[in-house]
Structure formats: C-alpha cells, structure tokens
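Q: Sharing upload_34.txt here; it has compact mmCIF, C-alpha atoms (C1' of nucleotides).
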# COMPACT_ATOMS: atom_id res chain seq x y z
CA MET S 1 29.92 7.50 -0.93
CA ASP S 2 28.72 7.28 -4.43
CA THR S 3 27.21 10.29 -6.04
CA THR S 4 26.15 7.97 -8.81
CA GLN S 5 23.58 6.27 -6.64
CA LEU S 6 22.18 9.61 -5.57
CA LEU S 7 21.55 10.48 -9.18
CA LYS S 8 19.14 7.61 -9.61
CA GLY S 9 15.72 9.01 -10.14
CA VAL S 10 17.01 12.56 -10.03
CA LEU S 11 18.72 12.68 -13.37
CA ASP S 12 15.36 12.74 -15.11
CA LEU S 13 14.41 15.77 -13.10
CA ALA S 14 17.74 17.46 -13.72
CA VAL S 15 17.52 16.94 -17.47
CA LEU S 16 13.95 18.21 -17.61
CA ALA S 17 15.01 21.24 -15.60
CA VAL S 18 17.89 22.27 -17.82
CA LEU S 19 15.59 21.98 -20.81
CA LYS S 20 12.93 24.17 -19.31
CA ASP S 21 14.04 27.50 -20.72
CA GLU S 22 15.90 26.37 -23.78
CA ASP S 23 16.04 23.38 -26.08
CA GLY S 24 19.31 21.54 -26.22
CA TYR S 25 21.17 18.61 -27.69
CA GLY S 26 22.80 15.78 -25.78
CA TYR S 27 26.29 17.10 -25.48
CA ASP S 28 25.05 20.54 -24.57
CA ILE S 29 22.78 19.17 -21.88
CA LEU S 30 25.72 17.28 -20.47
CA ARG S 31 27.66 20.53 -20.23
CA ARG S 32 24.77 22.33 -18.57
CA LEU S 33 24.48 19.62 -15.95
CA ARG S 34 28.18 19.69 -15.23
CA THR S 35 28.19 23.45 -15.02
CA ALA S 36 25.34 23.24 -12.57
CA GLY S 37 27.46 21.13 -10.28
CA LEU S 38 26.69 17.60 -11.35
CA ASP S 39 30.28 16.97 -12.35
CA GLU S 40 30.18 13.23 -12.36
CA VAL S 41 27.39 12.63 -14.83
CA GLY S 42 28.45 10.32 -17.64
CA ASP S 43 27.52 11.06 -21.21
CA ALA S 44 25.89 7.69 -21.73
CA SER S 45 23.60 8.43 -18.79
CA VAL S 46 22.39 11.62 -20.40
CA TYR S 47 21.74 10.04 -23.77
CA GLY S 48 19.96 7.15 -22.12
CA THR S 49 17.84 9.51 -20.08
CA LEU S 50 16.92 11.54 -23.13
CA ARG S 51 15.85 8.41 -24.95
CA ARG S 52 13.73 7.34 -21.99
CA LEU S 53 12.09 10.71 -21.58
CA PHE S 54 11.38 10.89 -25.27
CA GLN S 55 9.82 7.44 -25.30
CA ALA S 56 7.71 8.47 -22.32
CA GLY S 57 6.31 11.25 -24.48
CA LEU S 58 7.77 14.12 -22.49
CA LEU S 59 10.08 15.54 -25.13
CA THR S 60 9.97 16.71 -28.70
CA THR S 61 12.99 16.23 -30.87
CA TYR S 62 14.35 17.57 -34.13
CA VAL S 63 17.63 17.22 -35.92
CA VAL S 64 19.66 20.22 -36.90
CA PRO S 65 22.40 19.47 -39.44
CA SER S 66 25.57 21.31 -38.70
CA GLU S 67 28.25 22.27 -41.22
CA GLU S 68 30.79 22.43 -38.46
CA GLY S 69 30.58 18.91 -37.14
CA PRO S 70 28.15 16.06 -36.71
CA HIS S 71 24.43 16.73 -36.74
CA ARG S 72 22.77 17.76 -33.52
CA LYS S 73 19.67 16.15 -32.16
CA TYR S 74 17.79 18.79 -30.24
CA TYR S 75 15.33 18.04 -27.47
CA GLY S 76 12.67 20.26 -25.95
CA LEU S 77 9.90 20.00 -23.40
CA ASN S 78 6.33 19.55 -24.49
CA ALA S 79 3.28 20.09 -22.29
CA ALA S 80 3.55 16.69 -20.69
CA GLY S 81 7.22 17.35 -20.06
CA ARG S 82 6.52 20.61 -18.26
CA ASP S 83 3.89 18.89 -16.22
CA GLN S 84 6.23 16.13 -15.26
CA LEU S 85 8.92 18.63 -14.42
CA ASN S 86 6.68 20.33 -11.92
CA ARG S 87 5.48 17.12 -10.38
CA ALA S 88 8.97 15.64 -10.12
CA GLY S 89 10.21 18.93 -8.70
CA LYS S 90 7.66 18.86 -5.94
CA THR S 91 8.39 15.23 -5.17
CA TRP S 92 12.05 16.09 -4.91
CA ARG S 93 11.49 19.06 -2.62
CA THR S 94 9.33 16.97 -0.32
CA PHE S 95 11.75 14.11 -0.27
CA ALA S 96 14.74 16.35 0.33
CA SER S 97 12.97 18.11 3.21
CA THR S 98 12.16 14.78 4.78
CA MET S 99 15.77 13.70 4.60
CA ASP S 100 17.05 17.02 5.88
CA ALA S 101 14.69 16.88 8.84
CA LEU S 102 15.81 13.35 9.59
CA LEU S 103 19.44 14.42 9.60
CA ASP S 104 18.83 17.69 11.46
CA GLU S 105 17.01 15.97 14.29
CA ARG S 106 20.09 13.90 14.93
CA GLY S 107 22.61 16.59 14.25
CA VAL S 108 24.21 14.84 11.33
CA ALA S 109 26.71 16.71 9.20
CA ALA S 110 25.53 20.06 10.44
CA MET D 1 6.05 9.04 -9.46
CA ASP D 2 8.64 6.91 -7.90
CA THR D 3 9.93 7.71 -4.51
CA THR D 4 11.72 4.39 -4.75
CA GLN D 5 14.27 5.66 -7.21
CA LEU D 6 14.99 8.65 -5.02
CA LEU D 7 15.84 6.32 -2.18
CA LYS D 8 18.74 4.81 -4.07
CA GLY D 9 21.92 5.58 -2.26
CA VAL D 10 20.06 7.50 0.42
CA LEU D 11 18.63 4.59 2.30
CA ASP D 12 22.07 3.76 3.64
CA LEU D 13 22.35 7.26 4.99
CA ALA D 14 18.86 7.17 6.46
CA VAL D 15 19.49 3.88 8.23
CA LEU D 16 22.79 5.08 9.63
CA ALA D 17 21.10 8.24 10.81
CA VAL D 18 18.29 6.56 12.73
CA LEU D 19 20.87 4.36 14.42
CA LYS D 20 23.02 7.26 15.52
CA ASP D 21 21.52 7.85 18.94
CA GLU D 22 20.13 4.42 19.69
CA ASP D 23 20.68 0.86 18.60
CA GLY D 24 17.75 -0.81 16.93
CA TYR D 25 16.53 -3.99 15.29
CA GLY D 26 15.20 -4.34 11.78
CA TYR D 27 11.55 -3.91 12.38
CA ASP D 28 12.13 -1.01 14.72
CA ILE D 29 14.35 0.74 12.19
CA LEU D 30 11.64 0.31 9.61
CA ARG D 31 9.19 2.04 11.94
CA ARG D 32 11.59 4.88 12.65
CA LEU D 33 12.07 5.50 8.94
CA ARG D 34 8.36 5.52 8.30
CA THR D 35 7.73 7.80 11.22
CA ALA D 36 10.36 10.14 9.84
CA GLY D 37 8.37 10.41 6.63
CA LEU D 38 9.80 7.67 4.47
CA ASP D 39 6.46 5.92 4.27
CA GLU D 40 7.15 3.78 1.29
CA VAL D 41 10.21 1.93 2.45
CA GLY D 42 9.81 -1.81 2.13
CA ASP D 43 10.94 -4.14 4.87
CA ALA D 44 13.11 -6.15 2.52
CA SER D 45 14.98 -2.99 1.63
CA VAL D 46 15.82 -2.35 5.24
CA TYR D 47 16.99 -5.88 5.95
CA GLY D 48 19.07 -5.82 2.80
CA THR D 49 20.60 -2.49 3.71
CA LEU D 50 21.43 -3.68 7.21
CA ARG D 51 23.15 -6.73 5.80
CA ARG D 52 25.15 -4.59 3.40
CA LEU D 53 26.17 -2.08 6.04
CA PHE D 54 27.17 -4.86 8.40
CA GLN D 55 29.25 -6.57 5.75
CA ALA D 56 30.89 -3.24 5.02
CA GLY D 57 32.02 -3.18 8.64
CA LEU D 58 29.95 -0.18 9.68
CA LEU D 59 27.69 -1.88 12.18
CA THR D 60 27.92 -4.08 15.22
CA THR D 61 25.20 -6.59 15.87
CA TYR D 62 23.94 -8.68 18.76
CA VAL D 63 20.90 -10.83 19.29
CA VAL D 64 18.56 -10.21 22.17
CA PRO D 65 16.19 -13.12 22.90
CA SER D 66 12.75 -11.96 23.77
CA GLU D 67 10.22 -13.84 25.91
CA GLU D 68 7.43 -11.96 24.26
CA GLY D 69 7.98 -12.87 20.64
CA PRO D 70 10.73 -13.70 18.15
CA HIS D 71 14.30 -12.78 18.92
CA ARG D 72 15.55 -9.37 17.98
CA LYS D 73 18.74 -8.72 16.12
CA TYR D 74 20.03 -5.38 17.20
CA TYR D 75 22.33 -3.20 15.14
CA GLY D 76 24.45 -0.29 16.25
CA LEU D 77 27.01 2.06 14.76
CA ASN D 78 30.68 1.51 15.35
CA ALA D 79 33.40 4.08 14.75
CA ALA D 80 33.53 3.42 11.02
CA GLY D 81 29.75 3.71 10.89
CA ARG D 82 29.78 7.11 12.56
CA ASP D 83 32.46 8.22 10.20
CA GLN D 84 30.52 7.05 7.20
CA LEU D 85 27.39 8.72 8.53
CA ASN D 86 29.13 12.06 8.62
CA ARG D 87 30.68 11.70 5.21
CA ALA D 88 27.46 10.51 3.61
CA GLY D 89 25.58 13.29 5.34
CA LYS D 90 27.88 15.89 3.87
CA THR D 91 27.66 14.32 0.44
CA TRP D 92 23.91 14.43 0.67
CA ARG D 93 23.78 18.05 1.79
CA THR D 94 26.03 19.08 -1.05
CA PHE D 95 24.13 17.11 -3.60
CA ALA D 96 20.77 18.37 -2.39
CA SER D 97 21.98 21.97 -2.49
CA THR D 98 23.18 21.50 -6.04
CA MET D 99 19.83 20.16 -7.11
CA ASP D 100 17.94 22.87 -5.28
CA ALA D 101 20.02 25.54 -6.92
CA LEU D 102 19.45 23.98 -10.31
CA LEU D 103 15.71 24.02 -9.76
CA ASP D 104 15.62 27.45 -8.16
CA GLU D 105 17.47 29.06 -11.03
CA ARG D 106 14.74 27.92 -13.35
CA GLY D 107 11.85 28.50 -10.99
CA VAL D 108 10.80 24.89 -10.84
CA ALA D 109 8.24 23.81 -8.27
CA ALA D 110 8.79 26.85 -6.12
C1' DT M 1 -10.67 -24.57 18.72
C1' DG M 2 -10.11 -21.70 14.68
C1' DA M 3 -9.29 -17.39 12.32
C1' DC M 4 -6.95 -13.48 12.20
C1' DA M 5 -3.57 -9.87 13.08
C1' DC M 6 0.71 -8.34 14.59
C1' DT M 7 5.73 -8.66 15.45
C1' DA M 8 10.17 -10.18 13.65
C1' DC M 9 13.13 -12.19 10.54
C1' DC M 10 14.83 -14.08 6.05
C1' DT M 11 15.53 -15.43 0.88
C1' DC M 12 14.95 -15.13 -4.09
C1' DG M 13 14.73 -12.99 -8.25
C1' DC M 14 13.22 -9.03 -10.79
C1' DA M 15 13.42 -4.12 -12.44
C1' DG M 16 15.08 0.34 -13.08
C1' DT M 17 19.00 3.13 -14.08
C1' DG M 18 23.62 5.17 -14.20
C1' DC M 19 28.03 4.01 -16.10
C1' DG M 20 32.21 2.09 -18.45
C1' DG M 21 33.86 0.72 -22.69
C1' DA M 22 33.78 0.67 -27.30
C1' DG M 23 32.67 2.43 -31.71
C1' DT M 24 31.53 5.98 -35.58
C1' DA M 25 32.19 10.37 -37.71
C1' DG M 26 33.46 15.06 -38.72
C1' DC M 27 36.08 19.12 -37.70
C1' DT M 28 40.34 21.89 -36.14
C1' DT M 29 45.11 22.38 -34.84
C1' DC M 30 49.77 21.36 -34.80
C1' DG J 1 48.66 12.59 -40.24
C1' DA J 2 48.24 12.39 -35.45
C1' DA J 3 45.85 14.48 -31.76
C1' DG J 4 42.07 16.19 -29.75
C1' DC J 5 37.65 18.03 -29.58
C1' DT J 6 32.58 17.74 -30.61
C1' DA J 7 28.60 14.73 -31.12
C1' DC J 8 26.13 10.65 -31.04
C1' DT J 9 25.12 5.58 -30.29
C1' DC J 10 25.02 0.77 -28.47
C1' DC J 11 26.01 -3.11 -25.26
C1' DG J 12 26.24 -5.18 -21.04
C1' DC J 13 27.36 -4.74 -16.19
C1' DA J 14 26.58 -3.32 -11.24
C1' DC J 15 24.02 -1.66 -7.72
C1' DT J 16 20.02 -1.44 -4.99
C1' DG J 17 15.17 -1.15 -3.69
C1' DC J 18 11.20 -3.99 -3.87
C1' DG J 19 7.55 -7.59 -4.36
C1' DA J 20 6.43 -12.12 -3.31
C1' DG J 21 6.85 -15.65 -0.50
C1' DG J 22 8.09 -18.22 3.70
C1' DT J 23 8.93 -19.22 8.93
C1' DA J 24 7.75 -18.43 13.82
C1' DG J 25 6.05 -16.66 17.94
C1' DT J 26 2.39 -13.99 20.48
C1' DG J 27 -2.17 -12.06 21.36
C1' DT J 28 -7.15 -11.42 20.54
C1' DC J 29 -11.76 -12.51 19.67
C1' DA J 30 -15.40 -15.48 18.86
Represent the structure of the file as structure tokens.
A:
Amino acid sequence: MDTTQLLKGVLDLAVLAVLKDEDGYGYDILRRLRTAGLDEVGDASVYGTLRRLFQAGLLTTYVVPSEEGPHRKYYGLNAAGRDQLNRAGKTWRTFASTMDALLDERGVAA
Amino acid sequence: MDTTQLLKGVLDLAVLAVLKDEDGYGYDILRRLRTAGLDEVGDASVYGTLRRLFQAGLLTTYVVPSEEGPHRKYYGLNAAGRDQLNRAGKTWRTFASTMDALLDERGVAA
DNA sequence: TGACACTACCTCGCAGTGCGGAGTAGCTTC
DNA sequence: GAAGCTACTCCGCACTGCGAGGTAGTGTCA
C-alpha cells in the first residue's frame, strides 16, 4: 500500500507542525519530516507544499544568504498559520480516531 | 477544511474493513461508512473504489435480484482482499502513530 | 394521476496533490 | 576535475475522491 496516498492532505499539517517551534528552509524541513518518520517524502512535495502554504497566507518567508552554499529561503508560521495548524490538527485527530474505531470494531491489524 | 484529502488512500482500507465480516452492496457500504463516522463520503467515491478493488482482484462479486427494487451487486473479500486489509491496516496504524507523535512532540491540538 | 422521495446503480470529467525527472548552482573532498 | 553533498526550482504525470448528471424501480401522499 502506498504511503504516498496517505500523505495527501496530511503533508500540509506535517509541514506546519515542524515549523511550529522554529523557522526552517526547504531542505531542513525535509530532513525534519524524515527524522520524524515520514521517510518517503519527496523534496518536490515539500517545496510545492511550502509554496502553497505561502500563497494561502499561512507563512512568512525571508531569504538568508549563506557563504557556505546556496542561499536559504526560510519559512515561518504567522498567526493564520498557527490557527490553521490547530484546526488541521484537530481535524486529523478526529479523523484518525474515526478510522481507528472502524478498524478496532472489526479487529483489523490489532 | 478538507476531509476529502484525508480520505485519499484510506478509503480503500475503510471499504475493505466494512466488508470484513459481511458482504455488502454499494449503497449499503456507503451507509456503513457514514454510520462509522465518515459522513462526507460521496457515493461515486465508493462505487469507484469498489471497481478498483475488484479489478485489483481483492473482491468477489455477485448480483442478487431483488423483487423490492433495483438489483443489488454484492461485494465480498477474497483471500487476497483479507491479506490486503491486514497489510493496509498495519500501514495505517504505523502512519497514524508517526503523525500523532509528530504532533504530540510539538503540543499541537492536544 | 401527478409529484415527490428513496433505493440502487453507473459514467464523465474535473481538481487537488504528491512525486519523478530534470535542471541550476555552490561548496567540499578526494 | 570528478564526485557528492546542500539547496532550490520547474514541468508534467498519476492517482483518487467528488460533483453533476443520468437510469430505474418502489413507495407514499394528495
């Protein structure tokens, strides 16, 4: 089964979450996600998500030139982003509970 | 907030799950899913999923004519379906745990 | 009889989104 | 100077859930 399909709609939430406590740039965010257990996330997905979230007005962004490599485009949550993070988090929790209950009732993959 | 995106890749699992203990026909499956809490599932999604799962060789199907209405096309799990149900269930549990941990660590939507 | 609602099924085409592939560019190491 | 890593970007595809629409049969209520 494809983990990629499971990511749909959740990647937004995951990206918002890893940005909650600390700003980050694309590549760094990718690493955080993979460290957290989302091994199969592609880099293009992360960059695409960041662009979407930014266009939705949930992120602030600023470029930090680096002498040791290419420039880094940092992203951080703004108020709307934090709001969205909480809402999406609750939606996820509810949805996950629903699915778990559905599986539990039928003794699936205990 | 889109529950629809969260369904991606999970609807298969949900449909397999509600068919585990008892065969069912499209409309009935739709009702079971909604009863289980997946209120926003569209009928077309279910019929499409059933077709996909059948084509993937996970379901058996048989038509039961009904004197009290249109005919009913029943679906049931075969061995491959049960297998897939277990695998997908495990994948889901793992994925959900990963996400929960990610959110918990940052105190999101406690 | 007509209007409506419900069950039951199906098809078509769209929309969102993650990903693969490719490309650019700078740095470090061998 | 070839590799290999970091860092970012763009294009187009694939998958899948959904809305809109259609077909039929049954039952209800006036």
Q: Could you please tell me, as a ChimeraX atom specification, which residues of chain D have an atom within 8 Å of chain J when using all atoms listed in the file?
A: /D:4-5,7-9,42,44-45,68-70
Q: Report, as JSON, the centre and edge lengths in Å (one decimal) of the axis-aligned box enclosing every listed atom of range 47-64 of chain S, padded by 8 Å on each side.
A:
{"center_x": 14.0, "center_y": 13.7, "center_z": -28.5, "size_x": 31.4, "size_y": 29.1, "size_z": 32.8}
Q: Can you give chain S as a PDB file with C-alpha atoms, in the frame of the given file after you superpose it on chain D, pairing all C-alpha atoms in order for the least-squares fit?
A:
ATOM      1  CA  MET S   1       7.307   9.838  -9.975  1.00  0.00           C
ATOM      2  CA  ASP S   2       8.827   7.087  -8.011  1.00  0.00           C
ATOM      3  CA  THR S   3       9.984   7.749  -4.525  1.00  0.00           C
ATOM      4  CA  THR S   4      11.630   4.366  -4.693  1.00  0.00           C
ATOM      5  CA  GLN S   5      14.234   5.560  -7.142  1.00  0.00           C
ATOM      6  CA  LEU S   6      14.998   8.552  -4.967  1.00  0.00           C
ATOM      7  CA  LEU S   7      15.797   6.241  -2.103  1.00  0.00           C
ATOM      8  CA  LYS S   8      18.653   4.648  -3.984  1.00  0.00           C
ATOM      9  CA  GLY S   9      21.846   5.571  -2.284  1.00  0.00           C
ATOM     10  CA  VAL S  10      20.015   7.474   0.418  1.00  0.00           C
ATOM     11  CA  LEU S  11      18.604   4.576   2.342  1.00  0.00           C
ATOM     12  CA  ASP S  12      22.053   3.750   3.664  1.00  0.00           C
ATOM     13  CA  LEU S  13      22.341   7.250   5.003  1.00  0.00           C
ATOM     14  CA  ALA S  14      18.855   7.176   6.478  1.00  0.00           C
ATOM     15  CA  VAL S  15      19.479   3.894   8.272  1.00  0.00           C
ATOM     16  CA  LEU S  16      22.806   5.081   9.649  1.00  0.00           C
ATOM     17  CA  ALA S  17      21.116   8.256  10.836  1.00  0.00           C
ATOM     18  CA  VAL S  18      18.316   6.589  12.749  1.00  0.00           C
ATOM     19  CA  LEU S  19      20.884   4.386  14.442  1.00  0.00           C
ATOM     20  CA  LYS S  20      23.030   7.272  15.531  1.00  0.00           C
ATOM     21  CA  ASP S  21      21.542   7.855  18.960  1.00  0.00           C
ATOM     22  CA  GLU S  22      20.154   4.445  19.700  1.00  0.00           C
ATOM     23  CA  ASP S  23      20.682   0.865  18.625  1.00  0.00           C
ATOM     24  CA  GLY S  24      17.764  -0.824  16.974  1.00  0.00           C
ATOM     25  CA  TYR S  25      16.518  -3.978  15.330  1.00  0.00           C
ATOM     26  CA  GLY S  26      15.188  -4.315  11.804  1.00  0.00           C
ATOM     27  CA  TYR S  27      11.522  -3.885  12.429  1.00  0.00           C
ATOM     28  CA  ASP S  28      12.128  -0.991  14.765  1.00  0.00           C
ATOM     29  CA  ILE S  29      14.340   0.762  12.256  1.00  0.00           C
ATOM     30  CA  LEU S  30      11.619   0.346   9.682  1.00  0.00           C
ATOM     31  CA  ARG S  31       9.183   2.078  12.017  1.00  0.00           C
ATOM     32  CA  ARG S  32      11.602   4.908  12.716  1.00  0.00           C
ATOM     33  CA  LEU S  33      12.081   5.522   9.016  1.00  0.00           C
ATOM     34  CA  ARG S  34       8.367   5.544   8.370  1.00  0.00           C
ATOM     35  CA  THR S  35       7.753   7.855  11.280  1.00  0.00           C
ATOM     36  CA  ALA S  36      10.377  10.169   9.892  1.00  0.00           C
ATOM     37  CA  GLY S  37       8.420  10.469   6.687  1.00  0.00           C
ATOM     38  CA  LEU S  38       9.820   7.720   4.524  1.00  0.00           C
ATOM     39  CA  ASP S  39       6.473   5.976   4.329  1.00  0.00           C
ATOM     40  CA  GLU S  40       7.155   3.852   1.325  1.00  0.00           C
ATOM     41  CA  VAL S  41      10.208   1.971   2.500  1.00  0.00           C
ATOM     42  CA  GLY S  42       9.770  -1.781   2.202  1.00  0.00           C
ATOM     43  CA  ASP S  43      10.880  -4.085   4.961  1.00  0.00           C
ATOM     44  CA  ALA S  44      13.054  -6.162   2.670  1.00  0.00           C
ATOM     45  CA  SER S  45      14.936  -3.001   1.718  1.00  0.00           C
ATOM     46  CA  VAL S  46      15.770  -2.285   5.327  1.00  0.00           C
ATOM     47  CA  TYR S  47      16.949  -5.796   6.076  1.00  0.00           C
ATOM     48  CA  GLY S  48      19.007  -5.826   2.912  1.00  0.00           C
ATOM     49  CA  THR S  49      20.548  -2.495   3.782  1.00  0.00           C
ATOM     50  CA  LEU S  50      21.403  -3.647   7.276  1.00  0.00           C
ATOM     51  CA  ARG S  51      23.102  -6.724   5.898  1.00  0.00           C
ATOM     52  CA  ARG S  52      25.096  -4.607   3.462  1.00  0.00           C
ATOM     53  CA  LEU S  53      26.150  -2.091   6.065  1.00  0.00           C
ATOM     54  CA  PHE S  54      27.142  -4.847   8.426  1.00  0.00           C
ATOM     55  CA  GLN S  55      29.216  -6.585   5.778  1.00  0.00           C
ATOM     56  CA  ALA S  56      30.873  -3.257   5.023  1.00  0.00           C
ATOM     57  CA  GLY S  57      32.005  -3.187   8.638  1.00  0.00           C
ATOM     58  CA  LEU S  58      29.949  -0.184   9.677  1.00  0.00           C
ATOM     59  CA  LEU S  59      27.685  -1.875  12.194  1.00  0.00           C
ATOM     60  CA  THR S  60      27.922  -4.066  15.238  1.00  0.00           C
ATOM     61  CA  THR S  61      25.214  -6.576  15.893  1.00  0.00           C
ATOM     62  CA  TYR S  62      23.951  -8.659  18.781  1.00  0.00           C
ATOM     63  CA  VAL S  63      20.934 -10.830  19.299  1.00  0.00           C
ATOM     64  CA  VAL S  64      18.555 -10.238  22.140  1.00  0.00           C
ATOM     65  CA  PRO S  65      16.197 -13.154  22.815  1.00  0.00           C
ATOM     66  CA  SER S  66      12.727 -12.021  23.626  1.00  0.00           C
ATOM     67  CA  GLU S  67      10.160 -13.937  25.673  1.00  0.00           C
ATOM     68  CA  GLU S  68       7.395 -12.033  23.993  1.00  0.00           C
ATOM     69  CA  GLY S  69       8.035 -12.941  20.395  1.00  0.00           C
ATOM     70  CA  PRO S  70      10.832 -13.826  18.028  1.00  0.00           C
ATOM     71  CA  HIS S  71      14.391 -12.868  18.868  1.00  0.00           C
ATOM     72  CA  ARG S  72      15.583  -9.419  17.939  1.00  0.00           C
ATOM     73  CA  LYS S  73      18.766  -8.740  16.078  1.00  0.00           C
ATOM     74  CA  TYR S  74      20.037  -5.385  17.226  1.00  0.00           C
ATOM     75  CA  TYR S  75      22.333  -3.183  15.184  1.00  0.00           C
ATOM     76  CA  GLY S  76      24.473  -0.264  16.286  1.00  0.00           C
ATOM     77  CA  LEU S  77      27.017   2.090  14.793  1.00  0.00           C
ATOM     78  CA  ASN S  78      30.695   1.532  15.339  1.00  0.00           C
ATOM     79  CA  ALA S  79      33.420   4.105  14.717  1.00  0.00           C
ATOM     80  CA  ALA S  80      33.544   3.413  11.016  1.00  0.00           C
ATOM     81  CA  GLY S  81      29.775   3.704  10.901  1.00  0.00           C
ATOM     82  CA  ARG S  82      29.800   7.125  12.530  1.00  0.00           C
ATOM     83  CA  ASP S  83      32.478   8.213  10.146  1.00  0.00           C
ATOM     84  CA  GLN S  84      30.522   7.036   7.179  1.00  0.00           C
ATOM     85  CA  LEU S  85      27.412   8.703   8.500  1.00  0.00           C
ATOM     86  CA  ASN S  86      29.134  12.048   8.577  1.00  0.00           C
ATOM     87  CA  ARG S  87      30.680  11.653   5.176  1.00  0.00           C
ATOM     88  CA  ALA S  88      27.454  10.455   3.565  1.00  0.00           C
ATOM     89  CA  GLY S  89      25.598  13.274   5.294  1.00  0.00           C
ATOM     90  CA  LYS S  90      27.878  15.870   3.813  1.00  0.00           C
ATOM     91  CA  THR S  91      27.658  14.304   0.378  1.00  0.00           C
ATOM     92  CA  TRP S  92      23.900  14.412   0.642  1.00  0.00           C
ATOM     93  CA  ARG S  93      23.789  18.040   1.739  1.00  0.00           C
ATOM     94  CA  THR S  94      26.039  19.051  -1.131  1.00  0.00           C
ATOM     95  CA  PHE S  95      24.099  17.071  -3.651  1.00  0.00           C
ATOM     96  CA  ALA S  96      20.756  18.348  -2.422  1.00  0.00           C
ATOM     97  CA  SER S  97      21.973  21.957  -2.555  1.00  0.00           C
ATOM     98  CA  THR S  98      23.151  21.455  -6.100  1.00  0.00           C
ATOM     99  CA  MET S  99      19.783  20.112  -7.140  1.00  0.00           C
ATOM    100  CA  ASP S 100      17.895  22.829  -5.308  1.00  0.00           C
ATOM    101  CA  ALA S 101      19.982  25.515  -6.976  1.00  0.00           C
ATOM    102  CA  LEU S 102      19.364  23.927 -10.349  1.00  0.00           C
ATOM    103  CA  LEU S 103      15.625  23.958  -9.766  1.00  0.00           C
ATOM    104  CA  ASP S 104      15.554  27.419  -8.171  1.00  0.00           C
ATOM    105  CA  GLU S 105      17.366  29.013 -11.079  1.00  0.00           C
ATOM    106  CA  ARG S 106      14.602  27.851 -13.358  1.00  0.00           C
ATOM    107  CA  GLY S 107      11.763  28.429 -10.980  1.00  0.00           C
ATOM    108  CA  VAL S 108      10.715  24.821 -10.803  1.00  0.00           C
ATOM    109  CA  ALA S 109       8.149  23.767  -8.235  1.00  0.00           C
ATOM    110  CA  ALA S 110       8.681  26.866  -6.169  1.00  0.00           C
TER     111      ALA S 110
END
Q: Report as a PyMOL selection string the set of chain S residues whose atoms approach chain D to within 10 Å, with distances computed over all atoms listed in the file.
A: chain S and resi 1-11+13-14+16-21+32-33+35-38+82+84-110
Q: Would you mind listing, as a compact mmCIF listing (two decimals) with C-alpha atoms (C1' of nucleotides), in the coordinates of the input, all residues of chain M that have at least one atom within 8 Å of chain S, where only C-alpha atoms (C1' of nucleotides) are what counts?
A:
# COMPACT_ATOMS: atom_id res chain seq x y z
C1' DT M 17 19.00 3.13 -14.08
C1' DG M 18 23.62 5.17 -14.20
C1' DC M 19 28.03 4.01 -16.10
C1' DA M 25 32.19 10.37 -37.71
C1' DG M 26 33.46 15.06 -38.72
C1' DC M 27 36.08 19.12 -37.70
Q: Please, what distance in Å, to one decimal, runs between CA of Leu58 in chain D and CA of Ile29 in chain D?
A: 15.8 Å
Q: One decimal, in Å: what's the spacing between CA of Asp23 in chain S and CA of Leu77 in chain S?
A: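 About the pair CA of Asp23 in chain S and CA of Leu77 in chain S: they are 7.5 Å apart.
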Q: Between CA of Ser66 in chain D and C1' of DC9 in chain M, what is the distance, to one decimal in Å?
A: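 So the two atoms, CA of Ser66 in chain D and C1' of DC9 in chain M, lie 13.2 Å apart.
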